Amino acid sequence: MFQRKLMVLRKGMEMPLVGNVQEQLLHLGYDPGRLDNVFDDYTEKAVKAYQEEAGLPVTGIVDARTWRALFGGRGMPENFFGPLGYLRSRAKPRVSEGYRIVVDRRVRRLRLYRGSSTLGDYPVAVGKPSTPTPVGNWSILNKRINPGGVFGTRWLQFTHRGHGIHGTNNPGSIGKAVSMGCVRMFNRHVETIYPLVDVGTPVTVVDGGLHGSSGGGSSGGSKPAGLGRMHTVRRGENLWAIARRYGTTVQALMAANNLSSTVIYPGQVLRIP
């Protein structure tokens, strides 16, 4: 029988959610030390100070009650529970719609595609050098409306380590490399893309390639600077066929895209080495 377990953040943990707690504590006037996603002694001390001021049990642990107090009554983003701090959403992916998201860390832009059409091109904030937004192929794991605080009005988690695309309570940070690894958008922008994507929608993070490109057509023929070609997987394609088309190997494709298996899906964007 599946049972949902409550997620708590405590000393010794390292994940973007810890970084968001650190940011919020600093915003409220409590010094958590370095903003580095690591729940260390300084963060625990700041949590205890906040809990004491807020009339909460002084445990140094960010449980559901402390999280809601920190973030204006909003609950923790869904599916951060279990012994490893996450669980893949059990919702059925809706990848047949053909939507996909590409984030370029270098130019700090996010593009939403449907098939070969660009539906939106938005400025974003990305991770700072010490906590970079991870490059690779991901997918939306869960969604949440109005998570509050540093998450703004929408939350779209795309890695098991807790990275997400979300709104912000600091619009002046957009266009900069300042986050804990998440992708920040203006609230009005994330509210635009939120209803169009669902669990399973592909998310690709690259380090250069969107600037000056024509929009990631399904033929995969464009050549973004420094990335080689980008190929959007079509229905019925497999890695062997794609490797043969571009004169490379399955192993090289897997290494270039951080793939742990040969399973790919329509709409997924692959880097061609």
# chains A, B, ... in the order shown; residues from 1 in each chain; ligands from 1
>>> residues_around(residues="A:Val203", least_positions_apart="3", cutoff="12 Å", atoms="only C-alpha atoms", output="tab-separated table (two decimals) with N, CA and C atoms, in the first residue's frame")
chain	number	residue	atom	x	y	z
A	95	VAL	N	2.99	13.74	-22.73
A	95	VAL	CA	4.01	14.15	-23.69
A	95	VAL	C	3.46	14.20	-25.11
A	98	GLY	N	3.24	17.47	-27.33
A	98	GLY	CA	4.36	18.01	-28.11
A	98	GLY	C	5.02	19.24	-27.53
A	99	TYR	N	4.69	19.62	-26.30
A	99	TYR	CA	5.34	20.77	-25.69
A	99	TYR	C	6.71	20.36	-25.15
A	100	ARG	N	7.65	21.28	-25.15
A	100	ARG	CA	8.96	21.06	-24.54
A	100	ARG	C	9.54	22.41	-24.15
A	101	ILE	N	10.41	22.37	-23.17
A	101	ILE	CA	11.04	23.57	-22.63
A	101	ILE	C	12.54	23.45	-22.81
A	102	VAL	N	13.17	24.51	-23.30
A	102	VAL	CA	14.62	24.58	-23.40
A	102	VAL	C	15.10	25.81	-22.64
A	103	VAL	N	16.03	25.60	-21.72
A	103	VAL	CA	16.61	26.69	-20.92
A	103	VAL	C	18.07	26.82	-21.32
A	104	ASP	N	18.49	28.03	-21.66
A	104	ASP	CA	19.88	28.30	-21.99
A	104	ASP	C	20.51	29.09	-20.85
A	110	LEU	N	14.52	31.17	-21.47
A	110	LEU	CA	13.73	29.95	-21.53
A	110	LEU	C	12.80	30.04	-22.73
A	111	ARG	N	12.78	28.99	-23.54
A	111	ARG	CA	11.86	28.93	-24.66
A	111	ARG	C	10.90	27.77	-24.49
A	112	LEU	N	9.65	28.03	-24.81
A	112	LEU	CA	8.62	26.99	-24.82
A	112	LEU	C	8.30	26.68	-26.27
A	113	TYR	N	8.40	25.40	-26.63
A	113	TYR	CA	8.12	24.96	-27.99
A	113	TYR	C	6.90	24.03	-27.99
A	134	PRO	N	21.56	22.51	-13.48
A	134	PRO	CA	22.20	21.35	-14.11
A	134	PRO	C	21.86	21.22	-15.59
A	135	VAL	N	22.90	21.08	-16.41
A	135	VAL	CA	22.72	20.85	-17.85
A	135	VAL	C	22.29	19.41	-18.07
A	136	GLY	N	21.37	19.20	-19.00
A	136	GLY	CA	20.95	17.84	-19.33
A	136	GLY	C	19.52	17.79	-19.78
A	137	ASN	N	19.04	16.57	-19.97
A	137	ASN	CA	17.65	16.32	-20.37
A	137	ASN	C	16.86	15.86	-19.17
A	138	TRP	N	15.79	16.55	-18.89
A	138	TRP	CA	14.96	16.27	-17.72
A	138	TRP	C	13.50	16.23	-18.16
A	139	SER	N	12.61	16.18	-17.20
A	139	SER	CA	11.18	16.30	-17.51
A	139	SER	C	10.47	16.81	-16.28
A	140	ILE	N	9.29	17.40	-16.48
A	140	ILE	CA	8.51	17.92	-15.36
A	140	ILE	C	8.07	16.75	-14.48
A	141	LEU	N	8.38	16.84	-13.17
A	141	LEU	CA	8.03	15.79	-12.22
A	141	LEU	C	6.78	16.12	-11.42
A	156	LEU	N	7.36	24.26	-10.96
A	156	LEU	CA	7.46	23.13	-11.88
A	156	LEU	C	8.79	22.42	-11.59
A	157	GLN	N	8.75	21.33	-10.85
A	157	GLN	CA	9.98	20.61	-10.52
A	157	GLN	C	10.42	19.78	-11.72
A	158	PHE	N	11.77	19.79	-11.99
A	158	PHE	CA	12.23	19.01	-13.14
A	158	PHE	C	13.43	18.10	-12.84
A	159	THR	N	13.98	18.11	-11.61
A	159	THR	CA	14.99	17.11	-11.25
A	159	THR	C	14.62	16.51	-9.90
A	163	HIS	N	15.43	20.74	-8.27
A	163	HIS	CA	15.46	21.93	-9.12
A	163	HIS	C	14.10	22.14	-9.77
A	164	GLY	N	13.72	23.38	-9.89
A	164	GLY	CA	12.42	23.69	-10.47
A	164	GLY	C	12.45	24.97	-11.28
A	165	ILE	N	11.44	25.12	-12.11
A	165	ILE	CA	11.14	26.38	-12.79
A	165	ILE	C	10.04	27.04	-11.98
A	183	VAL	N	15.39	27.66	-11.88
A	183	VAL	CA	15.18	28.62	-12.96
A	183	VAL	C	14.05	29.54	-12.54
A	197	VAL	N	2.05	23.00	-19.91
A	197	VAL	CA	2.92	21.85	-19.71
A	197	VAL	C	2.39	21.02	-18.56
A	198	ASP	N	2.77	19.76	-18.56
A	198	ASP	CA	2.29	18.87	-17.52
A	198	ASP	C	3.40	17.91	-17.14
A	199	VAL	N	3.13	17.04	-16.18
A	199	VAL	CA	4.09	16.03	-15.78
A	199	VAL	C	4.50	15.21	-17.00
A	200	GLY	N	5.81	15.08	-17.19
A	200	GLY	CA	6.33	14.37	-18.35
A	200	GLY	C	6.82	15.27	-19.46
A	206	VAL	N	20.67	23.74	-21.51
A	206	VAL	CA	21.90	23.80	-22.30
A	206	VAL	C	22.74	24.97	-21.84
A	267	GLY	N	9.67	14.23	-28.87
A	267	GLY	CA	9.76	15.57	-28.30
A	267	GLY	C	11.01	15.83	-27.50
A	268	GLN	N	11.74	14.78	-27.14
A	268	GLN	CA	12.98	14.95	-26.38
A	268	GLN	C	14.05	15.59	-27.29
A	269	VAL	N	14.81	16.52	-26.72
A	269	VAL	CA	15.85	17.22	-27.48
A	269	VAL	C	17.21	16.60	-27.12
A	270	LEU	N	17.93	16.14	-28.13
A	270	LEU	CA	19.23	15.51	-27.94
A	270	LEU	C	20.35	16.38	-28.50
>>> residues_around(residues="A:Met254", least_positions_apart="2", cutoff="12 Å", atoms="only C-alpha atoms", output="PyMOL selection string")
chain A and resi 136-137+238-240+242-243+248-252+256-264+270-273
>>> residues_around(residues="A:Gly12", least_positions_apart="4", cutoff="8 Å", atoms="only C-alpha atoms", output="list in words")
Val38, Phe39 and Asp40 of chain A
>>> write_last_selection(atoms="N, CA and C atoms", output="PDB file, in the first residue's frame")
ATOM      1  N   VAL A  38      23.183  23.771   1.469  1.00  0.00           N
ATOM      2  CA  VAL A  38      23.640  22.810   2.476  1.00  0.00           C
ATOM      3  C   VAL A  38      23.074  23.192   3.842  1.00  0.00           C
ATOM      4  N   PHE A  39      22.370  22.272   4.446  1.00  0.00           N
ATOM      5  CA  PHE A  39      21.784  22.510   5.771  1.00  0.00           C
ATOM      6  C   PHE A  39      22.876  22.234   6.813  1.00  0.00           C
ATOM      7  N   ASP A  40      23.627  23.277   7.155  1.00  0.00           N
ATOM      8  CA  ASP A  40      24.744  23.129   8.081  1.00  0.00           C
ATOM      9  C   ASP A  40      24.395  23.728   9.443  1.00  0.00           C
TER      10      ASP A  40
END
>>> atom_distance(atom1="atom CA of A:Pro32", atom2="atom CA of A:Arg108")
27.3 Å
>>> closest_residue(among="A:Arg154, A:Lys11, A:Arg109, A:Lys128", to="A:Thr59", atoms="only C-alpha atoms")
A:Lys11
>>> residues_around(residues="A:Leu35", least_positions_apart="5", cutoff="8 Å", atoms="only C-alpha atoms", output="list of chain:residue names")
A:Gly19, A:Gln22, A:Glu23, A:Met180
>>> residues_around(residues="A:Gly149", least_positions_apart="5", cutoff="10 Å", atoms="only C-alpha atoms", output="list in words")
Asn20, Val21, Glu23, Gln24, His27, Arg68, Leu70, Phe71, Gly72, Gly73, Arg74, Gly167, Thr168, Asn169 and Asn170 of chain A
>>> decode(residues="stretch 186-207 of chain A", atoms="N, CA and C atoms", output="CSV table (one decimal), in the first residue's frame")
chain,number,residue,atom,x,y,z
A,186,PHE,N,9.7,35.7,-14.2
A,186,PHE,CA,8.7,36.6,-13.8
A,186,PHE,C,7.4,35.8,-13.5
A,187,ASN,N,6.6,36.2,-12.5
A,187,ASN,CA,5.4,35.4,-12.2
A,187,ASN,C,4.5,35.4,-13.4
A,188,ARG,N,4.3,36.5,-14.1
A,188,ARG,CA,3.4,36.5,-15.2
A,188,ARG,C,3.8,35.6,-16.3
A,189,HIS,N,5.1,35.3,-16.5
A,189,HIS,CA,5.6,34.4,-17.5
A,189,HIS,C,5.4,33.0,-17.1
A,190,VAL,N,5.8,32.6,-15.8
A,190,VAL,CA,5.6,31.2,-15.4
A,190,VAL,C,4.1,30.9,-15.4
A,191,GLU,N,3.2,31.9,-15.1
A,191,GLU,CA,1.8,31.6,-15.2
A,191,GLU,C,1.3,31.4,-16.6
A,192,THR,N,2.0,31.9,-17.6
A,192,THR,CA,1.7,31.7,-19.0
A,192,THR,C,2.0,30.3,-19.4
A,193,ILE,N,3.2,29.7,-19.0
A,193,ILE,CA,3.6,28.4,-19.5
A,193,ILE,C,3.0,27.3,-18.6
A,194,TYR,N,2.6,27.6,-17.4
A,194,TYR,CA,2.2,26.6,-16.4
A,194,TYR,C,1.0,25.7,-16.9
A,195,PRO,N,-0.1,26.3,-17.5
A,195,PRO,CA,-1.2,25.4,-17.9
A,195,PRO,C,-0.9,24.7,-19.2
A,196,LEU,N,0.2,25.0,-19.9
A,196,LEU,CA,0.5,24.4,-21.2
A,196,LEU,C,1.4,23.1,-21.0
A,197,VAL,N,2.0,23.0,-19.9
A,197,VAL,CA,2.9,21.8,-19.7
A,197,VAL,C,2.4,21.0,-18.6
A,198,ASP,N,2.8,19.8,-18.6
A,198,ASP,CA,2.3,18.9,-17.5
A,198,ASP,C,3.4,17.9,-17.1
A,199,VAL,N,3.1,17.0,-16.2
A,199,VAL,CA,4.1,16.0,-15.8
A,199,VAL,C,4.5,15.2,-17.0
A,200,GLY,N,5.8,15.1,-17.2
A,200,GLY,CA,6.3,14.4,-18.3
A,200,GLY,C,6.8,15.3,-19.5
A,201,THR,N,6.5,16.6,-19.4
A,201,THR,CA,7.0,17.5,-20.5
A,201,THR,C,8.5,17.6,-20.4
A,202,PRO,N,9.2,17.4,-21.6
A,202,PRO,CA,10.6,17.4,-21.6
A,202,PRO,C,11.2,18.8,-21.2
A,203,VAL,N,12.2,18.8,-20.4
A,203,VAL,CA,13.0,20.1,-20.1
A,203,VAL,C,14.4,19.8,-20.4
A,204,THR,N,15.0,20.6,-21.3
A,204,THR,CA,16.4,20.5,-21.7
A,204,THR,C,17.1,21.8,-21.2
A,205,VAL,N,18.2,21.6,-20.5
A,205,VAL,CA,19.0,22.7,-20.0
A,205,VAL,C,20.3,22.7,-20.8
A,206,VAL,N,20.7,23.7,-21.5
A,206,VAL,CA,21.9,23.8,-22.3
A,206,VAL,C,22.7,25.0,-21.8
A,207,ASP,N,24.0,25.0,-22.3
A,207,ASP,CA,24.9,26.1,-21.9
A,207,ASP,C,25.3,26.8,-23.2
